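J.: Quick one, start17.txt (compact mmCIF, C-alpha atoms):
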```txt
# COMPACT_ATOMS: atom_id res chain seq x y z
CA MET P 1 -13.99 -12.09 17.90
CA PRO P 2 -16.11 -15.01 19.04
CA ALA P 3 -18.68 -13.97 21.60
CA HIS P 4 -18.37 -15.37 25.12
CA THR P 5 -18.96 -13.98 28.59
CA GLY P 6 -15.22 -13.48 29.30
CA ALA P 7 -14.45 -11.66 26.03
CA PRO P 8 -13.26 -8.05 26.09
CA GLY P 9 -16.33 -5.86 25.72
CA ALA P 10 -18.74 -8.45 27.15
CA GLY P 11 -19.39 -6.24 30.17
CA ILE P 12 -20.44 -3.36 27.93
CA ILE P 13 -23.09 -5.49 26.22
CA GLY P 14 -24.40 -6.74 29.56
CA PRO P 15 -27.25 -9.25 29.84
CA ALA P 16 -27.91 -9.22 26.08
CA LEU P 17 -24.83 -11.40 25.58
CA GLU P 18 -26.03 -14.17 27.88
CA ARG P 19 -29.54 -14.01 26.39
CA VAL P 20 -28.24 -14.35 22.83
CA LEU P 21 -25.82 -17.15 23.72
CA ARG P 22 -28.71 -19.13 25.26
CA LYS P 23 -30.66 -18.91 21.99
CA ALA P 24 -28.03 -18.97 19.23
CA PRO P 25 -25.03 -21.24 18.67
CA ALA P 26 -21.84 -19.55 19.87
CA ALA P 27 -20.20 -20.20 16.48
CA ARG P 28 -22.72 -17.78 14.92
CA CYS P 29 -22.17 -14.97 17.43
CA ARG P 30 -19.52 -12.27 17.07
CA LEU P 31 -18.49 -9.53 19.46
CA TYR P 32 -16.97 -6.41 17.91
CA VAL P 33 -15.14 -3.91 20.11
CA LEU P 34 -13.84 -0.38 19.67
CA THR P 35 -10.58 0.30 21.50
CA ASP P 36 -8.29 3.28 21.85
CA LEU P 37 -4.87 2.28 20.55
CA GLY P 38 -3.34 5.13 22.57
CA ARG P 39 -4.32 3.39 25.81
CA PRO P 40 -2.54 0.39 27.38
CA ALA P 41 -3.31 -2.95 25.72
CA ALA P 42 -5.11 -4.17 28.84
CA ALA P 43 -7.47 -1.15 28.89
CA ALA P 44 -11.16 -1.91 28.58
CA PRO P 45 -12.82 -1.32 25.18
CA LEU P 46 -14.73 1.92 24.62
CA ALA P 47 -17.74 0.33 22.89
CA ALA P 48 -18.99 -3.08 21.78
CA ALA P 49 -21.51 -4.63 19.40
CA LEU P 50 -23.00 -8.13 19.41
CA LEU P 51 -24.10 -9.82 16.18
CA GLU P 52 -25.38 -13.17 15.03
CA THR P 53 -24.55 -14.28 11.51
CA GLY P 54 -25.71 -17.02 9.18
CA MET P 55 -24.43 -20.57 9.24
CA PRO P 56 -20.64 -20.59 9.81
CA ARG P 57 -19.79 -23.04 7.00
CA HIS P 58 -21.37 -20.69 4.45
CA ILE P 59 -20.68 -17.10 3.61
CA PRO P 60 -23.27 -15.42 5.82
CA GLU P 61 -25.76 -13.46 3.77
CA TRP P 62 -27.11 -11.57 6.75
CA ALA P 63 -26.32 -10.51 10.30
CA LEU P 64 -28.63 -9.77 13.21
CA LEU P 65 -27.49 -6.89 15.39
CA HIS P 66 -28.45 -7.74 18.94
CA ALA P 67 -26.74 -4.92 20.84
CA LEU P 68 -24.45 -1.93 20.39
CA ALA P 69 -23.34 0.03 23.45
CA VAL P 70 -20.73 2.50 24.63
CA ALA P 71 -18.94 1.86 27.95
CA ALA P 72 -20.39 3.93 30.80
CA PRO P 73 -17.34 6.21 31.31
CA HIS P 74 -17.46 7.23 27.63
CA ARG P 75 -21.19 7.90 27.29
CA GLY P 76 -22.42 11.43 26.98
CA GLY P 77 -24.43 13.83 24.94
CA LEU P 78 -27.41 13.10 22.77
CA ASP P 79 -25.54 10.63 20.58
CA CYS P 80 -24.96 8.14 23.43
CA GLY P 81 -21.18 8.31 23.30
CA GLY P 82 -19.74 11.40 21.69
CA GLY P 83 -19.67 9.65 18.32
CA LEU P 84 -18.13 6.37 19.52
CA ASP P 85 -21.35 4.50 18.77
CA ARG P 86 -21.41 5.79 15.18
CA ARG P 87 -17.71 5.03 14.70
CA LEU P 88 -18.21 1.44 15.89
CA LEU P 89 -21.29 1.04 13.69
CA ASP P 90 -19.49 2.37 10.59
CA ASP P 91 -16.46 0.14 11.21
CA LEU P 92 -18.74 -2.82 11.87
CA LEU P 93 -20.73 -2.37 8.65
CA MET P 94 -17.51 -2.06 6.64
CA GLU P 95 -16.12 -5.26 8.22
CA LEU P 96 -19.35 -7.17 7.59
CA ARG P 97 -19.42 -6.04 3.96
CA ALA P 98 -15.81 -7.26 3.55
CA ASP P 99 -16.86 -10.63 5.04
CA GLY P 100 -19.58 -11.03 2.40
CA VAL P 101 -22.57 -10.09 4.55
CA ARG P 102 -25.20 -8.40 2.36
CA ALA P 103 -27.81 -7.28 4.91
CA VAL P 104 -28.00 -6.35 8.58
CA TRP P 105 -31.21 -6.64 10.61
CA PHE P 106 -32.15 -5.23 14.03
CA LEU P 107 -35.37 -5.82 15.97
CA PRO P 108 -35.90 -2.79 18.23
CA GLY P 109 -37.25 -3.43 21.68
CA PRO P 110 -38.20 -1.32 24.69
CA GLY P 111 -35.38 1.04 25.60
CA ASP P 112 -33.74 0.89 22.15
CA ASP P 113 -34.76 4.42 21.08
CA ASP P 114 -31.20 5.78 20.97
CA LEU P 115 -29.89 2.76 19.04
CA ARG P 116 -32.85 2.91 16.68
CA ALA P 117 -32.13 6.60 15.97
CA LEU P 118 -28.45 5.79 15.37
CA LEU P 119 -29.33 2.99 12.94
CA GLU P 120 -31.86 5.11 11.07
CA SER P 121 -29.26 7.89 10.72
CA ALA P 122 -26.92 5.26 9.22
CA GLY P 123 -29.43 4.26 6.53
CA PHE P 124 -31.44 1.49 8.22
CA ARG P 125 -35.11 1.46 7.27
CA SER P 126 -38.22 -0.31 8.52
CA ALA P 127 -38.90 -3.71 6.97
CA THR P 128 -39.92 -7.26 7.77
CA ASN P 129 -37.35 -10.03 7.83
CA HIS P 130 -39.16 -12.38 5.47
CA ASP P 131 -36.33 -11.93 2.97
CA LEU P 132 -33.86 -13.95 5.05
CA SER P 133 -32.83 -17.01 3.07
CA ARG P 134 -34.01 -20.38 4.34
CA GLU P 135 -30.47 -21.75 4.68
CA ASN P 136 -29.50 -18.93 7.02
CA GLU P 137 -32.55 -19.08 9.30
CA ARG P 138 -31.93 -19.38 13.00
CA THR P 139 -31.86 -22.95 14.25
CA ASP P 140 -33.99 -22.22 17.32
CA GLY P 141 -36.89 -20.46 15.57
CA TYR P 142 -39.35 -23.18 16.49
CA ASP P 143 -39.63 -21.93 20.07
CA GLU P 144 -40.25 -18.31 19.18
CA PRO P 145 -43.65 -16.84 18.42
CA GLU P 146 -44.47 -16.49 14.73
CA ILE P 147 -44.85 -12.74 15.19
CA TRP P 148 -41.05 -12.59 15.71
CA ARG P 149 -40.57 -13.10 11.98
CA TRP P 150 -42.92 -10.33 10.99
CA GLY P 151 -42.04 -7.75 13.64
CA PRO P 152 -41.06 -4.13 12.90
CA TRP P 153 -37.41 -4.72 12.02
CA LEU P 154 -34.83 -2.20 10.91
CA PHE P 155 -32.85 -3.31 7.86
CA ARG P 156 -29.89 -2.13 5.79
CA GLU P 157 -28.37 -3.62 2.66
CA LEU P 158 -24.58 -3.47 2.49
```
Using structure tokens, write down the structure from this file.
T.:
Amino acid sequence: MPAHTGAPGAGIIGPALERVLRKAPAARCRLYVLTDLGRPAAAAPLAAALLETGMPRHIPEWALLHALAVAAPHRGGLDCGGGLDRRLLDDLLMELRADGVRAVWFLPGPGDDDLRALLESAGFRSATNHDLSRENERTDGYDEPEIWRWGPWLFREL
């Protein structure tokens, strides 16, 4: 679903959603949610992920994962959600592959140790993002430090 602050799952992502929407066009941001179909339709999602994709008029070749989180009442154990995080990630990667996305990138930051471990267990590996095609580059890259492009990214081909 399109990402916006009132979308289901936006509260799970927290401040990352507002930060990403300030930097990237809303048309390139997607919010994926994991829900329990056995619960009422109005029930809050169990987990959410926020991604930015390539230019909307093209088949996006890549996606940037900005956040993946499990709702507080469903967190627990060493895997940050009793497996809900892995289920959302697996479903998300399958959906992206079906949409034509060929690579997913994630730039770990402070406090992302659990997400980094989850991604590495799902086949992400360390890389730089210099392989992103020119047509899919972010439109606001001019105001970011050059080191952003060559940071210690995690990457997975789909």
J.: Residues within 12 Å of P:Gly6, please, as a list in words. Count all atoms listed in the file; anything in the same chain fewer than 6 positions from it doesn't count.
T.: Ile12, Ile13, Gly14, Leu17, Glu18 and Leu31 of chain P
J.: Could you take the residues named above and write them with C-alpha atoms, as a compact mmCIF listing (two decimals), in the coordinates of the input?
T.:
```txt
# COMPACT_ATOMS: atom_id res chain seq x y z
CA ILE P 12 -20.44 -3.36 27.93
CA ILE P 13 -23.09 -5.49 26.22
CA GLY P 14 -24.40 -6.74 29.56
CA LEU P 17 -24.83 -11.40 25.58
CA GLU P 18 -26.03 -14.17 27.88
CA LEU P 31 -18.49 -9.53 19.46
```
J.: Would you pick out the contacts of P:Ala49 at 7 Å or less, using all atoms listed in the file, so that residues sharing its chain but fewer than 3 positions from it are not included, and give the list as a VMD selection string?
T.: chain P and resid 31 to 33 67 to 69
J.: To one decimal place, how far is atom CA of P:Val20 from atom CA of P:His4 in Å?
T.: 10.2 Å
J.: Excluding P:Glu52 and its own-chain neighbours fewer than 4 positions away, which residues fall within 10 Å of it when counting all atoms listed in the file? Please give them as a ChimeraX atom specification.
T.: /P:3,20-21,24-31,60,62-66,104-105,138
J.: Could you work out how far atom CA of P:Leu118 lies from atom CA of P:Ala16, giving the answer in Å with one decimal?
T.: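 Taking atom CA of P:Ala16 and atom CA of P:Leu118, their separation equals 18.4 Å.
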J.: Expressed in Å to a single decimal, how great is the separation between atom CA of P:Glu157 and atom CA of P:Leu46?
T.: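 Atom-to-atom, atom CA of P:Glu157 to atom CA of P:Leu46, that is 26.4 Å.
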J.: Select, from P:Gly123, P:Gly100, P:Gly11, P:Gly109, the residue with the minimum atom-to-atom distance to P:Ala47, counting only C-alpha atoms.
T.: P:Gly11
J.: Hey, which of P:Ala43, P:Ala127, P:Leu34, P:Ala98 ends up closest to P:Gly83? Count only C-alpha atoms.
T.: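 Among the listed residues, P:Leu34 lies closest to P:Gly83.
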J.: May I ask which of the residues P:Glu95, P:Leu154, P:Val101, P:Leu89 is the closest one to P:Glu120, counting all atoms listed in the file?
T.: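 Nearest candidate to P:Glu120 out of P:Glu95, P:Leu154, P:Val101, P:Leu89: P:Leu154.
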J.: Kindly indicate which residue among P:Val70, P:Ala103, P:Ala48, P:Leu96 lies nearest to P:Arg125, using all atoms listed in the file for the distances.
T.: P:Ala103
J.: Under the rule that only C-alpha atoms are counted, which of P:Pro8, P:Pro45, P:Pro110, P:Pro40 is the nearest residue to P:Ala71?
T.: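 Nearest candidate to P:Ala71 out of P:Pro8, P:Pro45, P:Pro110, P:Pro40: P:Pro45.
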